[in-house]
Amino acid sequence: MIDYQDVLNTIYQEIIQETEKGDIATYIPELANVDKSTFGIHLQLVSGQAFSVGDAEKKFSIQSISKVLSLALALSRVGIDLWDRLDVEPSGNPFNHLSLLELEKGIPRNPFINSGAIVIADMLVSLLEHPKEDFLDFVRDLTGDDTIDYNNKVADSEMQTGFNNFAAANLLKSFDNLNNDVADVLDFYFHQCSLEMTCAQLTKAFYVFANQGHCLKEKTRLTKSQAKRINAIMLTCGFYDEAGEFAFEVGLPGKSGVGGGIVALLPNEFVISVWAPGLNEKGNSKLGMQALEKFTTKTNQSIF
Ligand code: GLU
């Protein structure tokens with residue numbers, strides 16, 4: 001029997017002594033004000049027990065982690081036809097690269113690079129009656145927590161400065177892979193990225209992927225096959241051009257965001273999330289990755 005609390009406490013003590021904490025993402029001006037020494041972990045077992053250490057109850061900007069949740073909602077509504085408009089291959093490129101998109105005629109490599117997430121956002125804008133409200137309801141329902149919300153300042157900040165995402169959306173439009181207005185789709189996309197959650201809330205939201213499509217309230221939100229496929233995409237594409245390194249070091253499906261959060265899971269066993277806002281050169285949480293490597297090594301639990 002693993003003493004999870006003891007493992008988390010040990011990791012916490014080791015990580016807070018690290019002096020190289022990485023760099024805060026400043027390209028979204030509103031994210032620049034976060035304290036680099038913040039660090040928290042939350043672990044939710046599929047069997048029900050939960051464990052925390054550090055700043056696990058502080059809210060942060062989940063950014064690209066939201067792409068897994070938007071994919072889940074779109075896939076549950078659209079089904080496999082969704083894959084007519086995007087692929088499931090790792091990009092091996094930074095999350096915002098445009099050259100591949102042009103080369104591959106407007107079909108994004110996967111739903112977790114920005115262009116792919118923008119195509120998913122376009123689907124949700126078409127499908128949902130009140131896109132922003134309905135997506136928020138979906139996330140609140142998955143998590144069982146009505147306090148989750150967008151941070152409009154962060155969304156506005158990206159609307160002002162997200163020229164690269166405007167370029168991606170326009171490129172998609174030129175290849176006929178965007179049905180709605182660029183501004184409407186990006187308004188939705190920037191809001192989904194601005195969602196603020198704690199580590200504890202994130203593990204609850206991602207429970208559905210560890211529990212074969214059933215959320216914490218045991219309601220079915222995805223089919224078993226959809227949960228399995230989303231986990232596969234997290235493993236191969238969840239960490240920008242560092243997906244190989246994450247699989248090598250940590251060995252779990254997961255997703256990171258430039259707010260410094262990472263959530264990862266072992267199907268049928270647990271969901272774990274960490275928040276350490278300093279990023280490495282690939283845009284993933286530097287200490288978050290180290291903490292998860294320590295977790296799977298100390299507990300000897302990974303998919304491999
Ligand atoms: N909203 C961010 C962007 O589109 C998300 C990036 C990320 O977390 O990877 O640039």
# chains A, B, ... in the order shown; residues from 1 in each chain; ligands from 1
$ residues_near_ligand --ligand "ligand 1" --cutoff "6 Å" --atoms "only C-alpha atoms and all ligand atoms" --output "PDB file with N, CA and C atoms, in the first residue's frame"
ATOM      1  N   GLN A  63      -5.175  27.564 -19.485  1.00  0.00           N
ATOM      2  CA  GLN A  63      -4.691  27.704 -20.865  1.00  0.00           C
ATOM      3  C   GLN A  63      -4.906  26.441 -21.704  1.00  0.00           C
ATOM      4  N   SER A  64      -3.826  25.864 -22.265  1.00  0.00           N
ATOM      5  CA  SER A  64      -4.015  24.761 -23.223  1.00  0.00           C
ATOM      6  C   SER A  64      -4.608  23.494 -22.622  1.00  0.00           C
ATOM      7  N   ASN A 114      -2.411  24.803 -31.422  1.00  0.00           N
ATOM      8  CA  ASN A 114      -3.416  25.865 -31.447  1.00  0.00           C
ATOM      9  C   ASN A 114      -4.370  25.758 -32.627  1.00  0.00           C
ATOM     10  N   PHE A 190     -10.229  32.011 -26.824  1.00  0.00           N
ATOM     11  CA  PHE A 190      -9.500  32.732 -25.775  1.00  0.00           C
ATOM     12  C   PHE A 190     -10.213  32.596 -24.431  1.00  0.00           C
ATOM     13  N   CYS A 193      -9.389  29.136 -22.960  1.00  0.00           N
ATOM     14  CA  CYS A 193      -8.025  29.133 -22.422  1.00  0.00           C
ATOM     15  C   CYS A 193      -7.932  29.926 -21.118  1.00  0.00           C
ATOM     16  N   GLY A 257      -0.214  23.451 -19.897  1.00  0.00           N
ATOM     17  CA  GLY A 257      -0.653  24.763 -20.386  1.00  0.00           C
ATOM     18  C   GLY A 257       0.390  25.802 -20.030  1.00  0.00           C
ATOM     19  N   VAL A 258       0.411  26.924 -20.759  1.00  0.00           N
ATOM     20  CA  VAL A 258       1.445  27.923 -20.494  1.00  0.00           C
ATOM     21  C   VAL A 258       1.219  28.687 -19.190  1.00  0.00           C
TER      22      VAL A 258
END
$ residues_around --residues "Lys298 of chain A" --least-positions-apart "5" --cutoff "12 Å" --atoms "only C-alpha atoms" --output "list in words"
Ile2, Asp3, Tyr4, Asp6, Val7, Leu8, Asn9, Thr10, Ile11, Val250, Ala291, Leu292 and Glu293 of chain A
$ select_by_dssp --residues "segment 20-252 of chain A" --states "helix (DSSP H, G or I)" --output "PyMOL selection string"
chain A and resi 29-33+63-84+99-103+114-127+131-143+152-161+163-174+182-193+199-210+224-237+240-249
$ residues_around --residues "Pro111 of chain A" --least-positions-apart "3" --cutoff "10 Å" --atoms "only C-alpha atoms" --output "count of residues only"
25
$ closest_residue --among "A:Leu75, A:Ile107, A:Val139, A:Leu127" --to "Glu196 of chain A" --atoms "only C-alpha atoms"
A:Val139
$ select_by_dssp --residues "segment 166-290 of chain A" --states "strand (DSSP E or B)" --output "ChimeraX atom specification"
/A:196-197,214,220,254-256,261-266,270-275,279,285
$ closest_residue --among "A:Asp141, A:Glu242, A:Asp187, A:Glu133" --to "Ser157 of chain A" --atoms "only C-alpha atoms"
A:Asp187
$ residues_around --residues "Ile41 of chain A" --least-positions-apart "6" --cutoff "6 Å" --atoms "only C-alpha atoms" --output "list in words"
Ser52, Val53, Ala56, Ser273 and Val274 of chain A
$ write_last_selection --atoms "N, CA, C and O atoms" --output "tab-separated table (two decimals), in the first residue's frame"
chain	number	residue	atom	x	y	z
A	52	SER	N	-3.30	16.15	-1.17
A	52	SER	CA	-2.81	17.45	-1.66
A	52	SER	C	-1.54	17.85	-0.96
A	52	SER	O	-1.32	17.45	0.19
A	53	VAL	N	-0.79	18.73	-1.61
A	53	VAL	CA	0.31	19.38	-0.93
A	53	VAL	C	0.52	20.76	-1.56
A	53	VAL	O	0.23	20.95	-2.74
A	56	ALA	N	-2.40	23.69	-3.74
A	56	ALA	CA	-3.33	22.89	-4.57
A	56	ALA	C	-4.72	23.53	-4.67
A	56	ALA	O	-5.52	23.12	-5.50
A	273	SER	N	-2.55	16.47	-10.69
A	273	SER	CA	-2.25	17.74	-11.33
A	273	SER	C	-1.24	18.50	-10.50
A	273	SER	O	-1.21	18.39	-9.27
A	274	VAL	N	-0.41	19.25	-11.21
A	274	VAL	CA	0.60	20.08	-10.54
A	274	VAL	C	0.53	21.48	-11.12
A	274	VAL	O	0.13	21.68	-12.27
